[in-house]
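First up is the structure itself, then whatever we jot down about it.
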Protein chains: 2
Amino acid sequence: MFESAEIGHSIDKEAYDAEVPALREALLEAQYELKQQARFPVIVLINGIEGAGKGETVKLLNEWMDPRLIDVLTFDQQTDEELARPPAWRYWRALPPKGRMGVFFGNWYSQMLQGRVHGLFKDAVLDQAIAGAERLEEMLCDEGALIIKFWFHLSKKQMKARLKALKDDPLHSWRISPLDWQQSETYDRFVRFGERVLRRTSRDYAPWHIIEGVDPNYRSLAVGRILLESLQAALADNPKGKHRGNVAPLGRSIDQRSLLGALDMTLRLDKADYQEQLVTEQARLAGLLRDKRMRRHALVAVFEGNDAAGKGGAIRRVAAALDPRQYRIVPIAAPTEEERAQPYLWRFWRHIPARGKFTIFDRSWYGRVLVERVEGFCSPADWMRAYSEINDFEEQLVNAGTVVVKFWLAIDQQTQLERFEEREQIPFKRYKITEDDWRNREKWDAYVQAVGDMVDRTSTEIAPWTLVEANDKRWARVKVLRTINQALEAAFARDKK
Amino acid sequence: MFESAEIGHSIDKEAYDAEVPALREALLEAQYELKQQARFPVIVLINGIEGAGKGETVKLLNEWMDPRLIDVLTFDQQTDEELARPPAWRYWRALPPKGRMGVFFGNWYSQMLQGRVHGLFKDAVLDQAIAGAERLEEMLCDEGALIIKFWFHLSKKQMKARLKALKDDPLHSWRISPLDWQQSETYDRFVRFGERVLRRTSRDYAPWHIIEGVDPNYRSLAVGRILLESLQAALADNPKGKHRGNVAPLGRSIDQRSLLGALDMTLRLDKADYQEQLVTEQARLAGLLRDKRMRRHALVAVFEGNDAAGKGGAIRRVAAALDPRQYRIVPIAAPTEEERAQPYLWRFWRHIPARGKFTIFDRSWYGRVLVERVEGFCSPADWMRAYSEINDFEEQLVNAGTVVVKFWLAIDQQTQLERFEEREQIPFKRYKITEDDWRNREKWDAYVQAVGDMVDRTSTEIAPWTLVEANDKRWARVKVLRTINQALEAAFARDKK
């Protein structure tokens with residue numbers, strides 16, 4: 001894989017000097033066009049052998065191009081805010097918005113390679129990390145990002161010579177590499193595992209570019225040209241044609257039965273039972289969140305449901321159990337300008353709770369496979385891929401110790417009608433009913449289908465959906481609280497093992 | 001000051017039950033109206049004696065109101081990201097946007113009171129903190145925020161009884177107060193210094209409300225009513241009438257001499273001197289940023305100047321000295337939607353560097369007293385108060401160890417004309433020239449006046465302005481680099497003392 005990066009590529013000064021001015025100008029042009037279109041972000045990943053010119057090349061690119069439009073990011077030591085959340089959070093918070101370029105040093109590849117070279121884990125775990133990187137990059141590309149991956153290479157002999165030279169250079173010696181490259185073994189292992197990583201993660205949408213690092217002229221021109229060509233191609237590309245050719249249809253129920261139709265909507269609690277059970281479950285939740293074992297976990301509760309199904313009321317009964325300092329409620333409305341400049345999941349990642357904390361999402365990332373699907377706000381390809389992106393997202397939360405509970409509050413059409421009419425009567429409830437609500441009612445069947453598909457595809461053993469029969473608000477509220485409590489207790493019980 | 005909060009206020013259950021429903025409804029109405037207007041944020045500060053019902057009251061408000069529109073925030077232990085920046089950063093990042101309510105527990109008042117009660121500092125330092133809080137709140141109010149401050153009070157006898165009761169309550173005992181309230185001395189000191197704080201910081205725009213905390217019915221109704229009345233008054237208020245009656249005019253130069261006119265615009269460097277000095281200053285900067293002493297500091301460089309004065313070129317020469325991982329360039333453009341929902345300085349606070357880091361602002365917070373003043377984007381009252389707000393802001397940066405350098409790059413009208421014409425000729429420079437640039441030229445004199453006032457009012461001993469004669473780009477670039485280097489060296493030298 002690295003064969004042609006060990007053959008001594010070089011460019012003489014004359015040829016170099018002749019090409020650079022036009023290249024620089026074209027790069028600047030592309031950069032300004034990128035900013036003007038503001039249609040996609042550019043993510044440049046920098047990896048490879050120590051001493052192969054990674055830092056020097058990025059420095060040079062910042063000189064050639066307009067550094068005001070580039071964010072160069074390193075990911076060294078994690079801060080305590082990062083350590084309290086899934087590992088990917090630090091990358092999400094650093095993503096460049098559309099129209100800008102982010103250069104990621106010390107990215108997910110360096111992390112997995114260092115771990116493997118140091119022997120912190122074996123190939124199986126490396127492969128898990130590789131698969132995670134692949135899925136992340138595929139998602140970013142589907143969201144429009146241009147990803148350019150550079151691997152700077154040196155043969156072992158070249159590296160040794162280069163390290164010796166760098167050691168004598170006071171301008172370089174202060175930079176500490178997390179790996180001990182003086183050891184011959186480190187190089188061998190790095191290259192071996194690097195090959196494995198590159199083989200698996202060089203994909204059509206985000207290929208690796210291997211750059212021989214010995215000759216500065218060669219590596220600078222090579223990187224500059226690849227960057228330029230990638231930028232120009234992406235800028236000229238028709239965004240409409242981006243999606244894959246075929247989207248396999250999901251298929252519809254062929255016997256008129258639906259998941260929601262199978263719910264027993266007559267379930268109810270009388271007032272006395274309700275008050276007793278509510279108080280019991282609220283006290284249980286309060287106790288669980290104060291439990292020392294909660295420090296190893298975070299809690300995320302997602303509330304979706306029909307309009308007027310009682311999401312707000314259920315959320316308030318959950319909140320009422322707790323000290324307001326323990327939870328945060330995030331109402332999901334239309335994305336802001338900054339959110340629209342990022343991949344879809346970004347606006348949820350930014351609210352992910354730290355360990356020990358509880359975040360309640362009033363509507364959520366499922367909007368894409370619900371309202372956006374039904375209303376046609378995104379293409380079928382977009383909402384189809386969202387199922388697996390969401391599963392990936394939730395898996396990352398769960399792997400970091402987060403307990404994820406998800407509720408669909410279901411009411412029937414008659415109950416909804418009655419509640420709409422009631423809302424229009426009561427002054428302080430009139431804010432709760434809009435034209436949209438009446439319009440959504442006409443799409444009842446489409447929502448039934450969308451909810452069924454959503455549950456089938458995203459109710460997982462690690463983050464199951466709970467369908468809540470919500471014609472009776474009391475029943476719904478107690479079921480919600482009880483489900484959260486059971487999920488927390490199950491997570492605490494698993495800790496012991 | 002606390003006299004009328006020790007007289008045993010109480011409301012009987014009947015009166016309480018009779019009033020609550022209407023109060024809740026009115027609070028909900030006000031909350032939804034707040035959201036709909038999205039014209040200002042509400043900041044509720046919660047302070048006072050331990051055991052006086054702070055937590056209980058906030059919990060109750062969250063039950064009465066819609067908790068989805070309230071963010072309850074605590075400020076306990078600072079995270080390492082917070083510790084690396086000025087103390088106020090953690091409050092800025094938590095400010096509620098317009099239309100929402102933030103409830104701040106453990107805010108700036110608790111911090112200063114704890115420090116004083118623990119004897120970490122004396123009254124002089126407490127008074128500094130008080131003055132800082134006053135200025136912060138005044139600024140937030142001027143930016144439209146509604147600030148409501150509650151002090152929950154108990155007499156010493158009441159407190160002792162309450163603490164005893166709480167101690168026996170398992171639901172409460174897990175909460176740890178940073179002060180040892182069991183000591184009689186703690187109460188006395190807290191009340192004494194609390195009085196000092198309240199006296200100084202109870203202002204017309206953000207008065208304190210002292211609430212006797214013994215009777216839950218009384219304190220709940222009292223807080224609910226104050227909140228409601230404050231909200232209703234602010235919602236009904238005409239935002240246009242907000243500014244103070246009189247804005248004292250700044251006065252103009254009466255002899256046609258101006259600060260910019262006094263610059264020697266013939267200063268220049270020839271090519272050989274330039275190249276030698278540039279390399280020297282760049283190496284010096286690189287060395288300074290790698291210096292161990294830099295770990296105690298951050299660096300902020302602000303670039304302002306005439307259009308086409310060469311800000312971009314100067315920034316690139318600074319950046320070229322450094323590893324791109326060491327700096328970040330923040331280009332300031334029109335504020336985003338999220339930025340517009342916050343006080344003016346919020347969009348700069350979010351980019352404040354951590355210790356050891358360097359942020360370059362390509363245009364800055366001075367926009368308010370330059371383009372916004374000249375173009376009339378804000379009222380005279382707004383840009384007039386900006387001078388002192390900016391001085392306060394920079395003082396906070398400097399107090400946290402940040403070195404602040406500020407450049408005005410000045411060219412004359414003839415030079416600007418030549419550069420505009422050149423830009424229109426060169427393809428990759430055409431992005432740099434817009435209609436706005438030509439329009440701004442017509443306001444040359446207004447800018448001369450604005451720059452003069454800006455420098456007079458914000459060039460301080462802790463963060464001086466450097467006027468850069470930029471008709472000659474070489475001269476300008478070397479002067480910029482040298483100024484940064486001198487500022488860093490001076491800061492390092494001061495560390496020794």
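Please note that chains go A, B, ... in the order of the structure tokens, that every chain numbers its residues from 1, and that ligands are numbered from 1 in the order shown.
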Hey, which bits of segment 389-484 of chain A sit within 8 Å of segment 265-285 of chain A, and for each residue what's the closest pair of atoms and how far apart in Å (one decimal), counting only C-alpha atoms, rows by chain and increasing number, as a Markdown table?
```
| residue | atom | partner | partner_atom | distance |
| --- | --- | --- | --- | --- |
| A:Ile411 | CA | A:Met265 | CA | 7.4 |
| A:Asp412 | CA | A:Met265 | CA | 7.6 |
| A:Glu469 | CA | A:Met265 | CA | 5.5 |
| A:Ala470 | CA | A:Met265 | CA | 7.3 |
| A:Asn471 | CA | A:Met265 | CA | 6.3 |
| A:Asp472 | CA | A:Arg268 | CA | 5.4 |
| A:Arg474 | CA | A:Leu269 | CA | 5.9 |
| A:Trp475 | CA | A:Arg268 | CA | 5.1 |
| A:Arg477 | CA | A:Leu278 | CA | 7.7 |
| A:Val478 | CA | A:Leu278 | CA | 5.7 |
| A:Leu481 | CA | A:Glu281 | CA | 6.0 |
| A:Arg482 | CA | A:Glu281 | CA | 6.0 |
| A:Ile484 | CA | A:Leu285 | CA | 7.7 |
```
With N, CA, C and O atoms kept, could you save the residues just selected as a compact mmCIF listing (two decimals), in the first residue's frame?
```txt
# COMPACT_ATOMS: atom_id res chain seq x y z
N ILE A 411 -52.25 8.73 20.76
CA ILE A 411 -53.68 8.89 21.04
C ILE A 411 -54.44 8.57 19.77
O ILE A 411 -53.85 8.50 18.68
N ASP A 412 -55.75 8.35 19.90
CA ASP A 412 -56.52 8.09 18.67
C ASP A 412 -57.08 9.41 18.13
O ASP A 412 -56.99 10.45 18.79
N GLU A 469 -49.71 4.25 25.50
CA GLU A 469 -51.14 4.45 25.23
C GLU A 469 -51.55 5.70 26.00
O GLU A 469 -51.61 5.67 27.23
N ALA A 470 -51.83 6.77 25.29
CA ALA A 470 -51.95 8.06 25.97
C ALA A 470 -53.34 8.68 25.89
O ALA A 470 -53.52 9.86 26.18
N ASN A 471 -54.35 7.88 25.50
CA ASN A 471 -55.72 8.41 25.56
C ASN A 471 -56.04 8.84 26.99
O ASN A 471 -56.73 9.82 27.21
N ASP A 472 -55.51 8.06 27.92
CA ASP A 472 -55.66 8.43 29.34
C ASP A 472 -54.34 9.02 29.83
O ASP A 472 -53.32 8.33 29.87
N ARG A 474 -53.32 9.91 32.66
CA ARG A 474 -52.77 9.33 33.89
C ARG A 474 -51.97 8.08 33.59
O ARG A 474 -50.85 7.89 34.07
N TRP A 475 -52.57 7.22 32.82
CA TRP A 475 -51.89 5.98 32.44
C TRP A 475 -50.54 6.31 31.78
O TRP A 475 -49.51 5.73 32.09
N ARG A 477 -48.63 9.01 31.92
CA ARG A 477 -47.60 9.62 32.78
C ARG A 477 -46.93 8.58 33.68
O ARG A 477 -45.71 8.59 33.86
N VAL A 478 -47.73 7.71 34.24
CA VAL A 478 -47.16 6.69 35.11
C VAL A 478 -46.30 5.72 34.30
O VAL A 478 -45.21 5.33 34.72
N LEU A 481 -42.88 7.37 33.56
CA LEU A 481 -42.00 7.40 34.74
C LEU A 481 -41.49 6.00 35.07
O LEU A 481 -40.30 5.80 35.33
N ARG A 482 -42.37 5.02 35.02
CA ARG A 482 -41.98 3.66 35.38
C ARG A 482 -40.93 3.14 34.39
O ARG A 482 -39.96 2.48 34.78
N ILE A 484 -38.73 4.87 32.66
CA ILE A 484 -37.43 5.49 32.93
C ILE A 484 -36.78 4.81 34.13
O ILE A 484 -35.60 4.45 34.11
```
Quick one: contact table of chain B to chain A, 9 Å max, nearest atom pair and distance in Å to one decimal per residue, counting only C-alpha atoms, chain and number order, as CSV?
```
residue,atom,partner,partner_atom,distance
B:Glu25,CA,A:Phe428,CA,6.4
B:Ala26,CA,A:Phe428,CA,7.8
B:Leu28,CA,A:Phe428,CA,6.7
B:Glu29,CA,A:Phe428,CA,5.5
B:Tyr32,CA,A:Tyr431,CA,7.0
B:Glu33,CA,A:Tyr431,CA,8.8
B:Gly55,CA,A:Asp323,CA,7.3
B:Glu56,CA,A:Asp323,CA,8.2
B:Val58,CA,A:Pro324,CA,7.1
B:Lys59,CA,A:Pro324,CA,5.8
B:Leu60,CA,A:Ala320,CA,8.2
B:Asn62,CA,A:Pro324,CA,7.3
B:Glu63,CA,A:Ala320,CA,6.1
B:Asp66,CA,A:Arg316,CA,7.7
B:Pro67,CA,A:Arg316,CA,7.0
B:Arg68,CA,A:Ile329,CA,5.4
B:Leu69,CA,A:Pro331,CA,8.0
B:Ile70,CA,A:Ile329,CA,8.0
B:Asp71,CA,A:Arg328,CA,6.6
B:Val72,CA,A:Arg325,CA,5.7
B:Leu73,CA,A:Arg325,CA,6.1
B:Thr74,CA,A:Arg325,CA,6.3
B:Thr79,CA,A:Asp80,CA,6.6
B:Asp80,CA,A:Asp80,CA,6.5
B:Glu81,CA,A:Thr79,CA,6.9
B:Phe105,CA,A:Arg325,CA,8.5
B:Leu171,CA,A:Gly287,CA,8.2
B:Trp174,CA,A:Arg290,CA,7.9
B:Ala286,CA,A:Leu171,CA,8.5
B:Gly287,CA,A:Leu171,CA,8.1
B:Arg290,CA,A:Trp174,CA,7.8
B:Gly312,CA,A:Arg68,CA,8.2
B:Ile315,CA,A:Pro67,CA,8.5
B:Arg316,CA,A:Glu63,CA,6.8
B:Arg317,CA,A:Glu63,CA,8.4
B:Ala319,CA,A:Glu63,CA,7.8
B:Ala320,CA,A:Glu63,CA,6.1
B:Leu322,CA,A:Lys59,CA,7.8
B:Asp323,CA,A:Lys59,CA,6.1
B:Pro324,CA,A:Lys59,CA,5.8
B:Arg325,CA,A:Val72,CA,5.8
B:Gln326,CA,A:Val72,CA,8.7
B:Tyr327,CA,A:Val72,CA,8.2
B:Arg328,CA,A:Asp71,CA,6.7
B:Ile329,CA,A:Arg68,CA,5.4
B:Val330,CA,A:Arg68,CA,6.7
B:Pro331,CA,A:Arg68,CA,6.2
B:Thr336,CA,A:Glu337,CA,6.7
B:Glu337,CA,A:Glu337,CA,6.0
B:Glu338,CA,A:Thr336,CA,7.0
B:Asp362,CA,A:Arg68,CA,7.9
B:Pro427,CA,A:Glu29,CA,8.3
B:Phe428,CA,A:Glu29,CA,5.5
B:Lys429,CA,A:Glu29,CA,8.5
B:Tyr431,CA,A:Tyr32,CA,6.9
```
Using only C-alpha atoms, which protein or nucleic acid residues come within 12 Å of Tyr218 of chain B? Drop anything in the same chain fewer than 3 positions from it, and give the result as a list of chain:residue names.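 Result of the neighbour search: B:Ala5, B:Gly8, B:His9, B:Ser10, B:Ile11, B:Asp12, B:Lys13, B:Ala15, B:Tyr16, B:Asp17, B:Glu19, B:Val20, B:Ala52, B:Gly53, B:Thr57, B:Phe152, B:Ile211, B:Glu212, B:Gly213, B:Val214, B:Asp215, B:Leu221, B:Ala222, B:Val223, B:Gly224, B:Arg225.
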Once you have the residues from the selection above, write them out as a short mmCIF file (atom, residue, chain, number, x, y, z; two decimals), in the first residue's frame, restricted to N, CA, C and O atoms.
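Generated output (again27.cif):
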```cif
data_model
loop_
_atom_site.label_atom_id
_atom_site.label_comp_id
_atom_site.auth_asym_id
_atom_site.auth_seq_id
_atom_site.Cartn_x
_atom_site.Cartn_y
_atom_site.Cartn_z
N ALA B 5 -37.90 40.94 56.72
CA ALA B 5 -37.89 39.52 56.35
C ALA B 5 -37.65 38.65 57.57
O ALA B 5 -37.25 37.49 57.45
N GLY B 8 -41.88 37.06 60.41
CA GLY B 8 -42.78 35.92 60.41
C GLY B 8 -43.90 36.00 59.39
O GLY B 8 -45.05 35.64 59.66
N HIS B 9 -43.58 36.45 58.17
CA HIS B 9 -44.57 36.46 57.10
C HIS B 9 -45.16 35.07 56.91
O HIS B 9 -44.43 34.08 56.90
N SER B 10 -46.45 35.03 56.73
CA SER B 10 -47.03 33.73 56.37
C SER B 10 -48.39 33.92 55.69
O SER B 10 -49.04 34.96 55.82
N ILE B 11 -48.76 32.94 54.91
CA ILE B 11 -50.04 32.94 54.20
C ILE B 11 -50.72 31.63 54.58
O ILE B 11 -50.09 30.57 54.50
N ASP B 12 -51.99 31.71 54.95
CA ASP B 12 -52.63 30.43 55.32
C ASP B 12 -53.02 29.65 54.07
O ASP B 12 -53.09 30.18 52.97
N LYS B 13 -53.26 28.35 54.28
CA LYS B 13 -53.49 27.44 53.18
C LYS B 13 -54.66 27.90 52.30
O LYS B 13 -54.61 27.82 51.07
N ALA B 15 -55.96 30.94 51.76
CA ALA B 15 -55.64 32.09 50.90
C ALA B 15 -54.68 31.65 49.78
O ALA B 15 -54.81 32.08 48.63
N TYR B 16 -53.74 30.79 50.14
CA TYR B 16 -52.77 30.30 49.16
C TYR B 16 -53.48 29.54 48.05
O TYR B 16 -53.31 29.84 46.87
N ASP B 17 -54.29 28.57 48.45
CA ASP B 17 -54.99 27.75 47.46
C ASP B 17 -55.90 28.59 46.57
O ASP B 17 -56.12 28.28 45.40
N GLU B 19 -55.32 31.63 45.63
CA GLU B 19 -54.59 32.50 44.69
C GLU B 19 -53.81 31.74 43.63
O GLU B 19 -53.62 32.24 42.51
N VAL B 20 -53.32 30.57 43.98
CA VAL B 20 -52.38 29.88 43.09
C VAL B 20 -52.89 29.63 41.66
O VAL B 20 -52.17 29.93 40.70
N ALA B 52 -33.31 28.46 53.35
CA ALA B 52 -34.40 29.43 53.26
C ALA B 52 -35.36 29.13 52.11
O ALA B 52 -36.22 29.95 51.81
N GLY B 53 -35.16 27.98 51.46
CA GLY B 53 -36.16 27.58 50.46
C GLY B 53 -35.79 27.94 49.03
O GLY B 53 -36.66 27.96 48.16
N THR B 57 -38.22 26.63 46.04
CA THR B 57 -38.97 27.62 45.28
C THR B 57 -38.74 27.46 43.78
O THR B 57 -39.67 27.53 42.98
N PHE B 152 -33.17 34.96 49.55
CA PHE B 152 -34.01 34.23 50.51
C PHE B 152 -33.40 34.38 51.89
O PHE B 152 -32.25 34.04 52.10
N ILE B 211 -36.85 37.85 50.34
CA ILE B 211 -38.00 36.99 50.60
C ILE B 211 -37.79 36.27 51.92
O ILE B 211 -36.79 35.56 52.08
N GLU B 212 -38.71 36.43 52.84
CA GLU B 212 -38.59 35.67 54.08
C GLU B 212 -38.93 34.21 53.79
O GLU B 212 -39.96 33.90 53.19
N GLY B 213 -38.04 33.31 54.20
CA GLY B 213 -38.13 31.94 53.72
C GLY B 213 -38.82 30.95 54.63
O GLY B 213 -38.91 29.77 54.28
N VAL B 214 -39.33 31.40 55.76
CA VAL B 214 -39.85 30.43 56.74
C VAL B 214 -41.10 29.72 56.25
O VAL B 214 -41.19 28.50 56.27
N ASP B 215 -42.06 30.48 55.78
CA ASP B 215 -43.34 29.89 55.40
C ASP B 215 -43.36 29.61 53.90
O ASP B 215 -43.26 30.55 53.10
N LEU B 221 -45.71 32.40 47.00
CA LEU B 221 -46.57 33.43 46.42
C LEU B 221 -45.80 34.71 46.17
O LEU B 221 -45.97 35.37 45.15
N ALA B 222 -44.94 35.06 47.12
CA ALA B 222 -44.18 36.30 46.97
C ALA B 222 -43.31 36.25 45.71
O ALA B 222 -43.31 37.17 44.89
N VAL B 223 -42.59 35.15 45.55
CA VAL B 223 -41.72 35.02 44.39
C VAL B 223 -42.54 34.97 43.11
O VAL B 223 -42.22 35.64 42.12
N GLY B 224 -43.61 34.19 43.13
CA GLY B 224 -44.45 34.07 41.94
C GLY B 224 -44.99 35.41 41.49
O GLY B 224 -44.96 35.76 40.31
N ARG B 225 -45.43 36.20 42.45
CA ARG B 225 -46.02 37.49 42.09
C ARG B 225 -44.97 38.46 41.55
O ARG B 225 -45.21 39.18 40.59
#
```
Spatial neighbours of Glu304 of chain B, 6 Å, only C-alpha atoms, chain gap at least 5 places, as a list in words: Arg363, Phe407 and Trp408 of chain B
Atoms kept (C-alpha atoms) for selection, written as a PDB file, in the first residue's frame:
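Written file, again_28.pdb:
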```
ATOM      1  CA  ARG B 363     -12.532  42.821  12.860  1.00  0.00           C
ATOM      2  CA  PHE B 407      -4.337  47.474  15.665  1.00  0.00           C
ATOM      3  CA  TRP B 408      -5.870  50.154  13.534  1.00  0.00           C
TER       4      TRP B 408
END
```
Choose the residue, out of B:Arg423, B:Arg385, B:Lys311, B:Arg368, that has the smallest atom-to-atom separation from Lys473 of chain B; count only C-alpha atoms.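 Smallest distance to Lys473 of chain B is found for B:Lys311.
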Using only C-alpha atoms, determine which residues lie at most 12 Å from Glu421 of chain A, disregarding the query and same-chain residues fewer than 3 positions distant; provide the list as a PyMOL selection string. chain A and resi 308+414-418+424-426+429-430+432-434+437-438
Could you tell me, as a VMD selection string, which residues of segment 254-374 of chain B DSSP assigns to strand (DSSP E) when given the backbone? chain B and resid 298 to 305 327 to 331 358 to 362
Pick out the residues sitting within 12 Å of Thr466 of chain B, and hand them over as a VMD selection string; count only C-alpha atoms, and ignore anything fewer than 2 positions along from it in its own chain. chain B and resid 259 to 260 263 301 to 305 404 to 410 451 454 to 456 458 to 461 463 to 464 468 to 470 476 479 to 484 486 to 487
Determine which residues of segment 102-317 of chain B receive a DSSP assignment of alpha helix (DSSP H), computed from the backbone, and state them as a PyMOL selection string. chain B and resi 108-117+123-142+156-167+170-173+184-201+216-236+271-290+311-317
